[in-house]
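Structure record follows, encoded as structure tokens.
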Amino acid sequence: MNVRRGVVAVVYRTKESNIEFLLLHRTWIWKGWELLKGGIEKTADKGLDELAVKREMEEETGIRKIRIVTKMPHTIRYSTPKKYEGKYPFKETVQSVFVVHALEDNVKISLEHDSFMWLSYKDARKMLTHANQKKALDEAWDFMKKE
């Protein structure tokens, strides 16, 4: 079975004493609110998750000044939905999850998205479309509260 490797970034900023998370409204292929995510491109990223996070941050948000805080032990794994079979050369996706501190917040979204929001943890959790990304946000939030 062909597996696509990818990354998901739980991106946050600090505004005064508040922590806000970045959500992107996806319009390409499907519609809904998501965390930043993307595939690992062997040529561009040399197969390294951290390089993929940096590249996706710049491509999807225009944000270059970041600090990768940690790679979470949790991974997101899902099968390609049947309605997309044949459109992709892979049947399954496995994504590493990162916590990323955005050191700037001037977002310029890519063509995959039509909107973005910086939200509190509770509001971000309500807005996220997929349960596996909610779980990634939960685990990142738990990690951040301990730090």
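So you can find residues: chains in the structure tokens are A, B, ... in the order shown, residues in each start at 1, and ligands are numbered from 1 in order.
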
Interface rows for region 5-100 of chain A against region 119-128 of chain A: nearest pair, Å to one decimal, 6 Å, only C-alpha atoms, as JSON lines:
{"residue": "A:Glu20", "atom": "CA", "partner": "A:Ser120", "partner_atom": "CA", "distance": 4.8}
{"residue": "A:Phe21", "atom": "CA", "partner": "A:Leu119", "partner_atom": "CA", "distance": 5.1}
{"residue": "A:Trp33", "atom": "CA", "partner": "A:Leu128", "partner_atom": "CA", "distance": 5.0}
{"residue": "A:Glu34", "atom": "CA", "partner": "A:Leu128", "partner_atom": "CA", "distance": 5.5}

Check your understanding: What lies within 9 Å of region 46-62 of chain A using only C-alpha atoms, ignoring chain neighbours under 6 positions off, as a ChimeraX atom specification?
Key -> /A:5-9,24,36-40,68,71,96,98,100,106-113

Go ahead and write the residues just picked, N, CA and C atoms, as a PDB file, in the first residue's frame.
ATOM      1  N   ARG A   5       3.648  10.492   3.377  1.00  0.00           N
ATOM      2  CA  ARG A   5       4.081  11.081   4.643  1.00  0.00           C
ATOM      3  C   ARG A   5       3.793  12.567   4.610  1.00  0.00           C
ATOM      4  N   GLY A   6       3.407  13.094   5.757  1.00  0.00           N
ATOM      5  CA  GLY A   6       3.100  14.510   5.833  1.00  0.00           C
ATOM      6  C   GLY A   6       3.319  15.066   7.222  1.00  0.00           C
ATOM      7  N   VAL A   7       3.015  16.346   7.354  1.00  0.00           N
ATOM      8  CA  VAL A   7       3.147  17.042   8.633  1.00  0.00           C
ATOM      9  C   VAL A   7       1.881  17.837   8.918  1.00  0.00           C
ATOM     10  N   VAL A   8       1.612  18.005  10.193  1.00  0.00           N
ATOM     11  CA  VAL A   8       0.558  18.892  10.692  1.00  0.00           C
ATOM     12  C   VAL A   8       1.221  19.798  11.709  1.00  0.00           C
ATOM     13  N   ALA A   9       0.915  21.086  11.638  1.00  0.00           N
ATOM     14  CA  ALA A   9       1.489  22.032  12.591  1.00  0.00           C
ATOM     15  C   ALA A   9       0.378  22.693  13.391  1.00  0.00           C
ATOM     16  N   LEU A  24      -6.951  27.484   9.343  1.00  0.00           N
ATOM     17  CA  LEU A  24      -7.088  27.861   7.942  1.00  0.00           C
ATOM     18  C   LEU A  24      -8.380  27.267   7.395  1.00  0.00           C
ATOM     19  N   LEU A  36      -2.564  23.793   9.880  1.00  0.00           N
ATOM     20  CA  LEU A  36      -1.643  23.805   8.754  1.00  0.00           C
ATOM     21  C   LEU A  36      -1.154  22.379   8.520  1.00  0.00           C
ATOM     22  N   LYS A  37      -1.135  21.954   7.268  1.00  0.00           N
ATOM     23  CA  LYS A  37      -0.687  20.592   6.965  1.00  0.00           C
ATOM     24  C   LYS A  37      -0.159  20.526   5.555  1.00  0.00           C
ATOM     25  N   GLY A  38       0.609  19.484   5.289  1.00  0.00           N
ATOM     26  CA  GLY A  38       1.114  19.280   3.941  1.00  0.00           C
ATOM     27  C   GLY A  38       1.953  18.023   3.853  1.00  0.00           C
ATOM     28  N   GLY A  39       2.254  17.661   2.636  1.00  0.00           N
ATOM     29  CA  GLY A  39       3.060  16.472   2.384  1.00  0.00           C
ATOM     30  C   GLY A  39       4.544  16.756   2.495  1.00  0.00           C
ATOM     31  N   ILE A  40       5.286  15.700   2.700  1.00  0.00           N
ATOM     32  CA  ILE A  40       6.746  15.806   2.724  1.00  0.00           C
ATOM     33  C   ILE A  40       7.234  15.519   1.307  1.00  0.00           C
ATOM     34  N   ILE A  68      10.066  25.961  15.896  1.00  0.00           N
ATOM     35  CA  ILE A  68       9.457  24.645  16.094  1.00  0.00           C
ATOM     36  C   ILE A  68       9.725  24.255  17.535  1.00  0.00           C
ATOM     37  N   LYS A  71       8.193  18.119  18.362  1.00  0.00           N
ATOM     38  CA  LYS A  71       7.475  17.133  17.565  1.00  0.00           C
ATOM     39  C   LYS A  71       6.728  16.261  18.566  1.00  0.00           C
ATOM     40  N   SER A  96       3.184  13.538  10.866  1.00  0.00           N
ATOM     41  CA  SER A  96       3.817  13.894  12.134  1.00  0.00           C
ATOM     42  C   SER A  96       3.218  15.223  12.590  1.00  0.00           C
ATOM     43  N   PHE A  98       3.516  18.704  14.886  1.00  0.00           N
ATOM     44  CA  PHE A  98       4.466  19.636  15.485  1.00  0.00           C
ATOM     45  C   PHE A  98       3.724  20.770  16.173  1.00  0.00           C
ATOM     46  N   VAL A 100       4.240  24.668  16.792  1.00  0.00           N
ATOM     47  CA  VAL A 100       5.032  25.717  16.158  1.00  0.00           C
ATOM     48  C   VAL A 100       4.604  27.084  16.683  1.00  0.00           C
ATOM     49  N   ASN A 106       1.572  38.075  10.281  1.00  0.00           N
ATOM     50  CA  ASN A 106       1.058  38.680   9.069  1.00  0.00           C
ATOM     51  C   ASN A 106       0.798  37.564   8.058  1.00  0.00           C
ATOM     52  N   VAL A 107      -0.385  36.970   8.106  1.00  0.00           N
ATOM     53  CA  VAL A 107      -0.705  35.792   7.315  1.00  0.00           C
ATOM     54  C   VAL A 107      -1.126  36.180   5.899  1.00  0.00           C
ATOM     55  N   LYS A 108      -0.548  35.475   4.934  1.00  0.00           N
ATOM     56  CA  LYS A 108      -0.935  35.597   3.517  1.00  0.00           C
ATOM     57  C   LYS A 108      -1.265  34.186   3.055  1.00  0.00           C
ATOM     58  N   ILE A 109      -2.542  33.864   3.012  1.00  0.00           N
ATOM     59  CA  ILE A 109      -2.951  32.487   2.737  1.00  0.00           C
ATOM     60  C   ILE A 109      -2.739  32.093   1.274  1.00  0.00           C
ATOM     61  N   SER A 110      -2.579  30.795   1.076  1.00  0.00           N
ATOM     62  CA  SER A 110      -2.360  30.235  -0.255  1.00  0.00           C
ATOM     63  C   SER A 110      -3.708  30.030  -0.957  1.00  0.00           C
ATOM     64  N   LEU A 111      -3.650  29.560  -2.182  1.00  0.00           N
ATOM     65  CA  LEU A 111      -4.860  29.311  -2.963  1.00  0.00           C
ATOM     66  C   LEU A 111      -5.678  28.131  -2.434  1.00  0.00           C
ATOM     67  N   GLU A 112      -5.074  27.321  -1.563  1.00  0.00           N
ATOM     68  CA  GLU A 112      -5.813  26.191  -0.975  1.00  0.00           C
ATOM     69  C   GLU A 112      -6.856  26.667   0.032  1.00  0.00           C
ATOM     70  N   HIS A 113      -6.706  27.886   0.508  1.00  0.00           N
ATOM     71  CA  HIS A 113      -7.554  28.422   1.572  1.00  0.00           C
ATOM     72  C   HIS A 113      -8.159  29.752   1.152  1.00  0.00           C
TER      73      HIS A 113
END

**Study point:** Residues within 7 Å of Thr75 (chain A), only C-alpha atoms, excluding chain neighbours under 3 positions, as a list in words
**Key:** Val94, Gln95, Ser96 and Val97 of chain A

Would you save the residues from that selection as an mmCIF file, in the first residue's frame, using all heavy atoms?
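Listing of selection_23.cif after writing:
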data_model
loop_
_atom_site.group_PDB
_atom_site.id
_atom_site.type_symbol
_atom_site.label_atom_id
_atom_site.label_comp_id
_atom_site.auth_asym_id
_atom_site.auth_seq_id
_atom_site.Cartn_x
_atom_site.Cartn_y
_atom_site.Cartn_z
ATOM 1 N N VAL A 94 0.116 9.408 6.630
ATOM 2 C CA VAL A 94 0.609 9.413 8.002
ATOM 3 C C VAL A 94 1.310 10.755 8.206
ATOM 4 O O VAL A 94 2.233 11.095 7.471
ATOM 5 C CB VAL A 94 1.589 8.253 8.269
ATOM 6 C CG1 VAL A 94 2.134 8.327 9.695
ATOM 7 C CG2 VAL A 94 0.907 6.913 8.018
ATOM 8 N N GLN A 95 0.828 11.525 9.199
ATOM 9 C CA GLN A 95 1.349 12.870 9.432
ATOM 10 C C GLN A 95 1.969 12.987 10.824
ATOM 11 O O GLN A 95 1.340 12.620 11.819
ATOM 12 C CB GLN A 95 0.224 13.900 9.302
ATOM 13 C CG GLN A 95 -0.406 13.929 7.926
ATOM 14 C CD GLN A 95 -1.706 14.700 7.897
ATOM 15 O OE1 GLN A 95 -2.530 14.576 8.793
ATOM 16 N NE2 GLN A 95 -1.895 15.486 6.851
ATOM 17 N N SER A 96 3.184 13.538 10.866
ATOM 18 C CA SER A 96 3.817 13.894 12.134
ATOM 19 C C SER A 96 3.218 15.223 12.590
ATOM 20 O O SER A 96 2.921 16.087 11.769
ATOM 21 C CB SER A 96 5.325 14.057 11.948
ATOM 22 O OG SER A 96 5.891 12.854 11.512
ATOM 23 N N VAL A 97 3.056 15.380 13.899
ATOM 24 C CA VAL A 97 2.432 16.587 14.455
ATOM 25 C C VAL A 97 3.485 17.413 15.186
ATOM 26 O O VAL A 97 4.226 16.888 16.015
ATOM 27 C CB VAL A 97 1.278 16.219 15.414
ATOM 28 C CG1 VAL A 97 0.661 17.464 16.024
ATOM 29 C CG2 VAL A 97 0.219 15.387 14.689
#

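One finds CA of Ile63 (chain A) at 7.3 Å from CA of Ala102 (chain A).
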
Practice item. Can you work out which one of A:Thr27, A:Thr70, A:Gln133, A:Ser79 has the shortest atom-to-atom distance to Asp114 (chain A), counting only C-alpha atoms? Key: A:Thr27

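Looking only at region 69-124 of chain A, the set that DSSP places in strand (DSSP E) from backbone geometry is Val69, Thr70, Lys71, Met72, Pro73, His74, Thr75, Ile76, Arg77, Tyr78, Ser79, Glu92, Thr93, Val94, Gln95, Ser96, Val97, Phe98, Val99, Val100, His101, Ala102, His113, Asp114, Ser115, Phe116, Met117, Trp118 and Leu119 of chain A.
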
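By only C-alpha atoms, and with residues fewer than 5 positions from Glu104 (chain A) along its chain excluded, the set lying at most 9 Å from it is A:Arg13, A:Ile63, A:Arg64, A:Lys65, A:Ile66.
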
Written selection (all heavy atoms) as a short mmCIF file (atom, residue, chain, number, x, y, z; two decimals), in the first residue's frame:
data_model
loop_
_atom_site.label_atom_id
_atom_site.label_comp_id
_atom_site.auth_asym_id
_atom_site.auth_seq_id
_atom_site.Cartn_x
_atom_site.Cartn_y
_atom_site.Cartn_z
N ARG A 13 0.33 31.76 18.37
CA ARG A 13 1.00 33.04 18.64
C ARG A 13 0.62 33.46 20.05
O ARG A 13 -0.38 32.98 20.61
CB ARG A 13 0.60 34.11 17.63
CG ARG A 13 -0.83 34.60 17.81
CD ARG A 13 -1.19 35.71 16.86
NE ARG A 13 -2.58 36.14 17.08
CZ ARG A 13 -3.20 37.03 16.33
NH1 ARG A 13 -2.58 37.58 15.29
NH2 ARG A 13 -4.44 37.37 16.60
N ILE A 63 4.27 32.98 6.57
CA ILE A 63 5.03 33.20 7.80
C ILE A 63 6.37 32.50 7.70
O ILE A 63 6.44 31.30 7.45
CB ILE A 63 4.24 32.70 9.03
CG1 ILE A 63 2.97 33.53 9.22
CG2 ILE A 63 5.12 32.74 10.28
CD1 ILE A 63 2.07 33.04 10.33
N ARG A 64 7.44 33.27 7.91
CA ARG A 64 8.79 32.71 7.85
C ARG A 64 9.44 32.62 9.23
O ARG A 64 10.27 31.76 9.46
CB ARG A 64 9.67 33.57 6.95
CG ARG A 64 9.32 33.48 5.50
CD ARG A 64 10.31 34.27 4.67
NE ARG A 64 10.03 34.05 3.26
CZ ARG A 64 10.08 34.99 2.36
NH1 ARG A 64 10.41 36.22 2.70
NH2 ARG A 64 9.82 34.72 1.11
N LYS A 65 9.09 33.55 10.10
CA LYS A 65 9.71 33.57 11.43
C LYS A 65 8.93 32.66 12.36
O LYS A 65 7.83 33.01 12.81
CB LYS A 65 9.74 35.00 11.98
CG LYS A 65 10.63 35.92 11.19
CD LYS A 65 10.61 37.31 11.80
CE LYS A 65 11.43 38.27 10.95
NZ LYS A 65 11.30 39.64 11.44
N ILE A 66 9.50 31.49 12.59
CA ILE A 66 8.84 30.50 13.45
C ILE A 66 9.88 29.84 14.35
O ILE A 66 11.08 29.93 14.11
CB ILE A 66 8.12 29.41 12.64
CG1 ILE A 66 9.14 28.56 11.85
CG2 ILE A 66 7.04 29.98 11.75
CD1 ILE A 66 8.56 27.30 11.25
#

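Pairwise distance (CA of Trp118 (chain A), CA of Thr14 (chain A)) equals 10.2 Å.
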
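CA of Leu137 (chain A) is positioned 26.5 Å from CA of Lys42 (chain A).
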
Practice item. Check region 4-106 of chain A with DSSP on the backbone and list each residue it calls helix (DSSP H, G or I), as number ranges by chain. Key: A: 42-45, 49-61, 82-84

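Residues lying within 12 Å of Phe143 (chain A), counting only C-alpha atoms and ignoring same-chain neighbours fewer than 2 positions away, are Val10, Val69, Thr70, Lys71, Met72, Pro73, His74, Phe98, Val99, Ala136, Leu137, Asp138, Glu139, Ala140, Trp141, Lys145, Lys146 and Glu147 of chain A.
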
For all heavy atoms, I'd like the residues from the last selection saved as a CSV table (one decimal), in the first residue's frame.
chain,number,residue,atom,x,y,z
A,10,VAL,N,0.5,22.6,14.7
A,10,VAL,CA,-0.4,23.3,15.6
A,10,VAL,C,0.3,24.6,15.8
A,10,VAL,O,1.3,24.7,16.6
A,10,VAL,CB,-0.6,22.5,16.9
A,10,VAL,CG1,-1.5,23.4,17.9
A,10,VAL,CG2,-1.2,21.2,16.7
A,69,VAL,N,8.7,24.2,18.3
A,69,VAL,CA,8.8,23.9,19.8
A,69,VAL,C,9.0,22.4,20.0
A,69,VAL,O,9.9,22.1,20.8
A,69,VAL,CB,7.5,24.4,20.5
A,69,VAL,CG1,7.6,24.1,22.0
A,69,VAL,CG2,7.3,25.9,20.3
A,70,THR,N,8.3,21.6,19.4
A,70,THR,CA,8.4,20.1,19.6
A,70,THR,C,7.7,19.3,18.5
A,70,THR,O,6.8,19.8,17.9
A,70,THR,CB,7.9,19.7,21.0
A,70,THR,OG1,8.4,18.4,21.3
A,70,THR,CG2,6.4,19.8,21.1
A,71,LYS,N,8.2,18.1,18.4
A,71,LYS,CA,7.5,17.1,17.6
A,71,LYS,C,6.7,16.3,18.6
A,71,LYS,O,7.3,15.7,19.5
A,71,LYS,CB,8.5,16.3,16.7
A,71,LYS,CG,7.8,15.2,15.9
A,71,LYS,CD,8.8,14.5,15.1
A,71,LYS,CE,8.2,13.5,14.2
A,71,LYS,NZ,9.1,12.7,13.4
A,72,MET,N,5.4,16.2,18.4
A,72,MET,CA,4.6,15.4,19.3
A,72,MET,C,4.7,13.9,19.1
A,72,MET,O,5.0,13.5,18.0
A,72,MET,CB,3.1,15.8,19.2
A,72,MET,CG,2.9,17.3,19.5
A,72,MET,SD,3.3,17.8,21.1
A,72,MET,CE,2.1,16.9,22.1
A,73,PRO,N,4.5,13.1,20.1
A,73,PRO,CA,4.6,11.6,19.9
A,73,PRO,C,3.4,11.1,19.1
A,73,PRO,O,3.5,10.1,18.4
A,73,PRO,CB,4.6,11.1,21.3
A,73,PRO,CG,4.1,12.1,22.2
A,73,PRO,CD,4.4,13.4,21.5
A,74,HIS,N,2.3,11.9,19.1
A,74,HIS,CA,1.1,11.5,18.4
A,74,HIS,C,1.3,11.7,16.9
A,74,HIS,O,1.9,12.7,16.4
A,74,HIS,CB,0.0,12.4,18.8
A,74,HIS,CG,-1.3,12.3,18.1
A,74,HIS,ND1,-2.2,11.3,18.2
A,74,HIS,CD2,-1.8,13.1,17.1
A,74,HIS,CE1,-3.2,11.4,17.4
A,74,HIS,NE2,-3.0,12.6,16.7
A,98,PHE,N,3.5,18.7,14.9
A,98,PHE,CA,4.5,19.6,15.5
A,98,PHE,C,3.7,20.8,16.2
A,98,PHE,O,2.6,21.2,15.7
A,98,PHE,CB,5.4,20.2,14.4
A,98,PHE,CG,6.4,19.3,13.9
A,98,PHE,CD1,6.0,18.4,12.9
A,98,PHE,CD2,7.7,19.2,14.4
A,98,PHE,CE1,6.9,17.5,12.3
A,98,PHE,CE2,8.6,18.3,13.9
A,98,PHE,CZ,8.2,17.4,12.9
A,99,VAL,N,4.3,21.3,17.2
A,99,VAL,CA,3.9,22.5,17.9
A,99,VAL,C,4.8,23.6,17.4
A,99,VAL,O,6.0,23.5,17.5
A,99,VAL,CB,3.9,22.4,19.4
A,99,VAL,CG1,3.5,23.8,20.0
A,99,VAL,CG2,3.0,21.3,19.9
A,136,ALA,N,-5.0,16.3,17.9
A,136,ALA,CA,-3.7,16.9,17.9
A,136,ALA,C,-3.6,18.2,18.6
A,136,ALA,O,-2.7,18.5,19.4
A,136,ALA,CB,-3.2,17.1,16.4
A,137,LEU,N,-4.6,19.0,18.5
A,137,LEU,CA,-4.7,20.3,19.2
A,137,LEU,C,-4.8,20.0,20.7
A,137,LEU,O,-4.1,20.7,21.5
A,137,LEU,CB,-5.9,21.1,18.7
A,137,LEU,CG,-6.2,22.4,19.5
A,137,LEU,CD1,-5.0,23.4,19.2
A,137,LEU,CD2,-7.5,23.0,19.1
A,138,ASP,N,-5.6,19.1,21.1
A,138,ASP,CA,-5.7,18.7,22.5
A,138,ASP,C,-4.3,18.4,23.1
A,138,ASP,O,-3.9,18.8,24.2
A,138,ASP,CB,-6.6,17.5,22.8
A,138,ASP,CG,-8.1,17.9,22.5
A,138,ASP,OD1,-8.4,19.1,22.4
A,138,ASP,OD2,-8.9,16.9,22.3
A,139,GLU,N,-3.6,17.5,22.4
A,139,GLU,CA,-2.3,17.0,22.9
A,139,GLU,C,-1.3,18.2,22.9
A,139,GLU,O,-0.5,18.2,23.9
A,139,GLU,CB,-1.8,15.8,22.1
A,139,GLU,CG,-2.7,14.6,22.3
A,139,GLU,CD,-2.3,13.4,21.5
A,139,GLU,OE1,-1.3,13.5,20.7
A,139,GLU,OE2,-2.9,12.3,21.7
A,140,ALA,N,-1.3,19.0,21.9
A,140,ALA,CA,-0.4,20.2,21.9
A,140,ALA,C,-0.8,21.1,23.1
A,140,ALA,O,0.2,21.6,23.7
A,140,ALA,CB,-0.5,20.9,20.6
A,141,TRP,N,-2.0,21.3,23.3
A,141,TRP,CA,-2.5,22.2,24.4
A,141,TRP,C,-2.0,21.6,25.8
A,141,TRP,O,-1.5,22.4,26.6
A,141,TRP,CB,-4.0,22.4,24.4
A,141,TRP,CG,-4.5,23.3,25.4
A,141,TRP,CD1,-5.4,22.9,26.4
A,141,TRP,CD2,-4.3,24.7,25.6
A,141,TRP,NE1,-5.8,24.0,27.2
A,141,TRP,CE2,-5.1,25.1,26.7
A,141,TRP,CE3,-3.5,25.6,25.0
A,141,TRP,CZ2,-5.1,26.4,27.2
A,141,TRP,CZ3,-3.5,26.9,25.4
A,141,TRP,CH2,-4.3,27.3,26.5
A,145,LYS,N,0.6,23.5,28.3
A,145,LYS,CA,0.3,23.9,29.7
A,145,LYS,C,1.3,23.4,30.7
A,145,LYS,O,1.5,24.0,31.7
A,145,LYS,CB,-1.1,23.3,30.1
A,145,LYS,CG,-2.3,24.0,29.4
A,145,LYS,CD,-3.6,23.5,29.9
A,145,LYS,CE,-3.8,22.1,29.8
A,145,LYS,NZ,-5.2,21.6,30.1
A,146,LYS,N,2.0,22.3,30.3
A,146,LYS,CA,3.1,21.8,31.2
A,146,LYS,C,4.4,22.6,31.1
A,146,LYS,O,5.2,22.5,32.0
A,146,LYS,CB,3.3,20.3,30.9
A,146,LYS,CG,2.2,19.4,31.2
A,146,LYS,CD,2.4,18.0,30.8
A,146,LYS,CE,1.2,17.1,30.9
A,146,LYS,NZ,1.3,15.8,30.3
A,147,GLU,N,4.6,23.2,30.0
A,147,GLU,CA,5.9,23.9,29.7
A,147,GLU,C,5.9,25.2,30.5
A,147,GLU,O,5.0,25.9,30.7
A,147,GLU,CB,6.0,24.2,28.2
A,147,GLU,CG,6.3,22.9,27.4
A,147,GLU,CD,7.6,22.3,27.8
A,147,GLU,OE1,8.7,22.9,27.7
A,147,GLU,OE2,7.5,21.1,28.3

Study note, to complete from the structure: Of A:Leu35, A:Leu22, A:Val3, A:Met144, the one sitting nearest Met117 (chain A) when using only C-alpha atoms is A:Leu22
